[in-house]
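> For reference, this is target-v2.pdb, and it has PDB, C-alpha atoms.
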ATOM      1  CA  MET A   1     114.509  94.177 101.934
ATOM      2  CA  MET A   2     114.846  97.204  99.737
ATOM      3  CA  LYS A   3     115.045 100.694 101.131
ATOM      4  CA  THR A   4     112.672 103.327  99.746
ATOM      5  CA  GLU A   5     113.804 106.937  99.900
ATOM      6  CA  ASN A   6     111.905 110.238  99.573
ATOM      7  CA  ILE A   7     108.641 109.061 101.157
ATOM      8  CA  GLU A   8     109.378 110.284 104.666
ATOM      9  CA  GLY A   9     106.336 111.980 106.187
ATOM     10  CA  LEU A  10     103.957 111.009 103.378
ATOM     11  CA  SER A  11     100.802 109.021 103.998
ATOM     12  CA  LEU A  12      99.546 106.381 101.579
ATOM     13  CA  PHE A  13      96.872 108.812 100.374
ATOM     14  CA  GLU A  14      99.476 111.494  99.613
ATOM     15  CA  ILE A  15     101.658 108.966  97.780
ATOM     16  CA  ASN A  16      98.649 107.901  95.668
ATOM     17  CA  MET A  17      97.894 111.543  94.831
ATOM     18  CA  LEU A  18     101.503 112.172  93.785
ATOM     19  CA  LEU A  19     101.468 108.986  91.671
ATOM     20  CA  GLN A  20      98.338 110.196  89.868
ATOM     21  CA  GLN A  21     100.129 113.479  89.121
ATOM     22  CA  GLY A  22     103.060 111.645  87.518
ATOM     23  CA  GLY A  23     105.287 110.469  90.369
ATOM     24  CA  ARG A  24     106.944 107.057  90.254
ATOM     25  CA  PHE A  25     109.226 104.656  92.094
ATOM     26  CA  VAL A  26     112.481 103.913  90.264
ATOM     27  CA  MET A  27     115.511 101.738  90.938
ATOM     28  CA  PHE A  28     118.950 101.778  89.374
ATOM     29  CA  PRO A  29     120.637  98.363  89.387
ATOM     30  CA  ASN A  30     124.170  97.824  90.581
ATOM     31  CA  LEU A  31     125.588  95.993  87.591
ATOM     32  CA  MET A  32     128.707  94.627  89.239
ATOM     33  CA  THR A  33     126.871  92.596  91.864
ATOM     34  CA  LYS A  34     124.490  89.692  91.497
ATOM     35  CA  THR A  35     121.896  91.365  93.730
ATOM     36  CA  LYS A  36     119.706  94.307  92.864
ATOM     37  CA  SER A  37     120.259  97.784  94.167
ATOM     38  CA  SER A  38     119.155  98.223  97.743
ATOM     39  CA  THR A  39     117.603 101.655  97.171
ATOM     40  CA  ILE A  40     114.371 102.583  95.431
ATOM     41  CA  TYR A  41     113.699 106.281  94.957
ATOM     42  CA  PHE A  42     110.309 107.970  94.929
ATOM     43  CA  VAL A  43     110.478 110.596  92.208
ATOM     44  CA  ARG A  44     107.894 113.336  92.610
ATOM     45  CA  PRO A  45     106.069 114.669  89.538
ATOM     46  CA  GLU A  46     108.120 117.863  89.219
ATOM     47  CA  GLU A  47     111.441 116.209  90.111
ATOM     48  CA  LYS A  48     114.088 115.010  87.642
ATOM     49  CA  VAL A  49     115.537 111.488  87.815
ATOM     50  CA  PHE A  50     118.952 112.586  86.556
ATOM     51  CA  LYS A  51     120.412 113.326  90.001
ATOM     52  CA  TYR A  52     119.743 109.748  91.145
ATOM     53  CA  SER A  53     120.762 108.062  87.911
ATOM     54  CA  LEU A  54     124.047 109.946  87.586
ATOM     55  CA  ARG A  55     125.131 108.774  91.052
ATOM     56  CA  HIS A  56     124.569 105.120  90.102
ATOM     57  CA  PHE A  57     126.159 105.563  86.680
ATOM     58  CA  LEU A  58     129.345 106.955  88.222
ATOM     59  CA  LYS A  59     129.436 104.153  90.785
ATOM     60  CA  ASN A  60     129.002 101.513  88.065
ATOM     61  CA  LEU A  61     131.608 103.246  85.914
ATOM     62  CA  LYS A  62     134.111 103.217  88.771
ATOM     63  CA  ASN A  63     133.484  99.533  89.475
ATOM     64  CA  ALA A  64     133.578  98.589  85.780
ATOM     65  CA  TRP A  65     137.180  99.735  85.414
ATOM     66  CA  ARG A  66     138.208  96.941  87.778
ATOM     67  CA  THR A  67     136.983  94.214  85.429
ATOM     68  CA  LEU A  68     138.832  94.326  82.144
ATOM     69  CA  PRO A  69     136.957  91.799  79.963
ATOM     70  CA  LEU A  70     133.415  92.951  80.807
ATOM     71  CA  ARG A  71     134.112  96.688  80.935
ATOM     72  CA  PRO A  72     132.215  97.707  77.739
ATOM     73  CA  PHE A  73     129.176  95.625  78.703
ATOM     74  CA  TYR A  74     128.818  97.158  82.174
ATOM     75  CA  VAL A  75     129.400 100.711  80.994
ATOM     76  CA  SER A  76     126.919 100.453  78.131
ATOM     77  CA  LYS A  77     124.238  98.833  80.296
ATOM     78  CA  SER A  78     124.700 101.459  83.000
ATOM     79  CA  LEU A  79     124.478 104.195  80.366
ATOM     80  CA  PHE A  80     121.260 102.592  79.127
ATOM     81  CA  TYR A  81     119.684 102.825  82.594
ATOM     82  CA  LEU A  82     120.905 106.418  82.848
ATOM     83  CA  THR A  83     119.094 107.386  79.655
ATOM     84  CA  ILE A  84     115.797 105.598  80.355
ATOM     85  CA  GLY A  85     115.622 106.806  83.956
ATOM     86  CA  GLY A  86     115.979 103.469  85.769
ATOM     87  CA  ARG A  87     113.609 100.573  86.234
ATOM     88  CA  VAL A  88     110.108 101.528  87.259
ATOM     89  CA  TYR A  89     108.890  99.679  90.380
ATOM     90  CA  THR A  90     105.744 101.708  91.042
ATOM     91  CA  HIS A  91     103.230  98.843  90.997
ATOM     92  CA  ASN A  92     105.378  96.562  93.187
ATOM     93  CA  ILE A  93     106.016  99.204  95.845
ATOM     94  CA  LEU A  94     102.406 100.383  95.842
ATOM     95  CA  ALA A  95     101.185  96.827  96.398
ATOM     96  CA  ASP A  96     103.620  96.439  99.306
ATOM     97  CA  LEU A  97     102.531  99.754 100.841
ATOM     98  CA  LYS A  98      98.870  98.764 100.627
ATOM     99  CA  GLN A  99      99.621  95.527 102.498
ATOM    100  CA  ILE A 100     101.506  97.381 105.218
ATOM    101  CA  ASN A 101      99.006 100.256 105.495
ATOM    102  CA  PRO A 102      95.532  98.875 104.691
ATOM    103  CA  VAL A 103      92.564 101.130 103.997
ATOM    104  CA  TYR A 104      90.452 101.726 107.097
ATOM    105  CA  ASN A 105      86.834 100.606 106.676
ATOM    106  CA  PRO A 106      84.880 101.418 109.856
ATOM    107  CA  ASN A 107      81.886  99.412 110.970
ATOM    108  CA  LEU A 108      79.079 101.924 110.429
ATOM    109  CA  TYR A 109      76.635  99.896 112.526
ATOM    110  CA  CYS A 110      78.735 100.434 115.644
ATOM    111  CA  LEU A 111      79.397 104.109 114.898
ATOM    112  CA  GLN A 112      75.746 105.115 114.866
ATOM    113  CA  TYR A 113      75.451 104.392 118.609
ATOM    114  CA  VAL A 114      78.433 106.494 119.625
TER     115      VAL A 114
END
Here is the file; what I need is its structure written in the form of structure tokens.

Amino acid sequence: MMKTENIEGLSLFEINMLLQQGGRFVMFPNLMTKTKSSTIYFVRPEEKVFKYSLRHFLKNLKNAWRTLPLRPFYVSKSLFYLTIGGRVYTHNILADLKQINPVYNPNLYCLQYV
């Protein structure tokens, strides 16, 4: 299970509105492990990705110095993800959120007698 940050207090409608304005979900992979990163960040439209990507780049850089033969590969790949702003997971996360929080469709036949 991946953790999603920066969506605290937002409803699905508000997340959809922010996505239409240019927001996105991004993930920065941990290159030294076989598993993916456990954190996905919601980047708002006016927010920069650099503060999240720099943290992961420095962590990958620190871990890359421990492995001598693969050091250039890990550093260059981490630098690549720093420059492109991470992997975009917007469609995957949005599909998961829609399954967890379905759209409410009331039965209008029953509401007319209330």
> For segment 41-50 of chain A, list every protein, DNA or RNA residue within 6 Å, evaluated using all atoms listed in the file, and leave out those in the same chain fewer than 6 positions away; present the list as a PyMOL selection string.
chain A and resi 4-6+22-26
> Given the choices A:Ile40, A:Pro29, A:Gly86, A:Leu12, which gets closest to Gln99 of chain A if the distance is worked out from only C-alpha atoms?
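Closest to Gln99 of chain A of all the choices is A:Leu12.
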> Would you write out, as a list in words, every residue that the PyMOL selection byres ((chain A and resi 28) around 10) captures in this file?
Val26, Met27, Pro29, Asn30, Leu31, Lys36, Ser37, Ser38, Thr39, Ile40, Tyr41, Tyr52, Ser53, Leu54, Arg55, His56, Phe57, Ser78, Tyr81, Leu82, Gly85, Gly86, Arg87 and Val88 of chain A
> Enumerate, as a list of chain:residue names, the residues matched when the PyMOL selection byres ((chain A and resi 61) around 12) is run on the file above.
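For this structure, the PyMOL selection byres ((chain A and resi 61) around 12) resolves to A:Asn30, A:Leu31, A:Met32, A:Leu54, A:Arg55, A:His56, A:Phe57, A:Leu58, A:Lys59, A:Asn60, A:Lys62, A:Asn63, A:Ala64, A:Trp65, A:Arg66, A:Thr67, A:Leu70, A:Arg71, A:Pro72, A:Phe73, A:Tyr74, A:Val75, A:Ser76, A:Lys77, A:Ser78, A:Leu79, A:Leu82.
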> Please, could you write that set of residues out with C-alpha atoms as a compact mmCIF listing (two decimals), keeping the file's coordinate frame?

# COMPACT_ATOMS: atom_id res chain seq x y z
CA ASN A 30 124.17 97.82 90.58
CA LEU A 31 125.59 95.99 87.59
CA MET A 32 128.71 94.63 89.24
CA LEU A 54 124.05 109.95 87.59
CA ARG A 55 125.13 108.77 91.05
CA HIS A 56 124.57 105.12 90.10
CA PHE A 57 126.16 105.56 86.68
CA LEU A 58 129.34 106.96 88.22
CA LYS A 59 129.44 104.15 90.78
CA ASN A 60 129.00 101.51 88.06
CA LYS A 62 134.11 103.22 88.77
CA ASN A 63 133.48 99.53 89.48
CA ALA A 64 133.58 98.59 85.78
CA TRP A 65 137.18 99.74 85.41
CA ARG A 66 138.21 96.94 87.78
CA THR A 67 136.98 94.21 85.43
CA LEU A 70 133.42 92.95 80.81
CA ARG A 71 134.11 96.69 80.94
CA PRO A 72 132.22 97.71 77.74
CA PHE A 73 129.18 95.62 78.70
CA TYR A 74 128.82 97.16 82.17
CA VAL A 75 129.40 100.71 80.99
CA SER A 76 126.92 100.45 78.13
CA LYS A 77 124.24 98.83 80.30
CA SER A 78 124.70 101.46 83.00
CA LEU A 79 124.48 104.20 80.37
CA LEU A 82 120.90 106.42 82.85
> Between atom CA of Gln21 of chain A and atom CA of Thr83 of chain A, measure the distance and give it in Å to one decimal.
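Between atom CA of Gln21 of chain A and atom CA of Thr83 of chain A the gap works out to 22.1 Å.
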> Please indicate the distance in Å from atom CA of Phe80 of chain A to atom CA of Ile7 of chain A, rounded to one decimal place.
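Spanning atom CA of Phe80 of chain A to atom CA of Ile7 of chain A is a straight-line distance of 26.2 Å.
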> May I have the residues within 12 Å of Leu97 of chain A as a list in words, using only C-alpha atoms and disregarding those fewer than 6 positions away in the same chain?
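Near neighbours after the sequence-gap exclusion: Thr4, Ile7, Leu10, Ser11, Leu12, Phe13, Ile15, Asn16, Thr90, His91 and Val103 of chain A.
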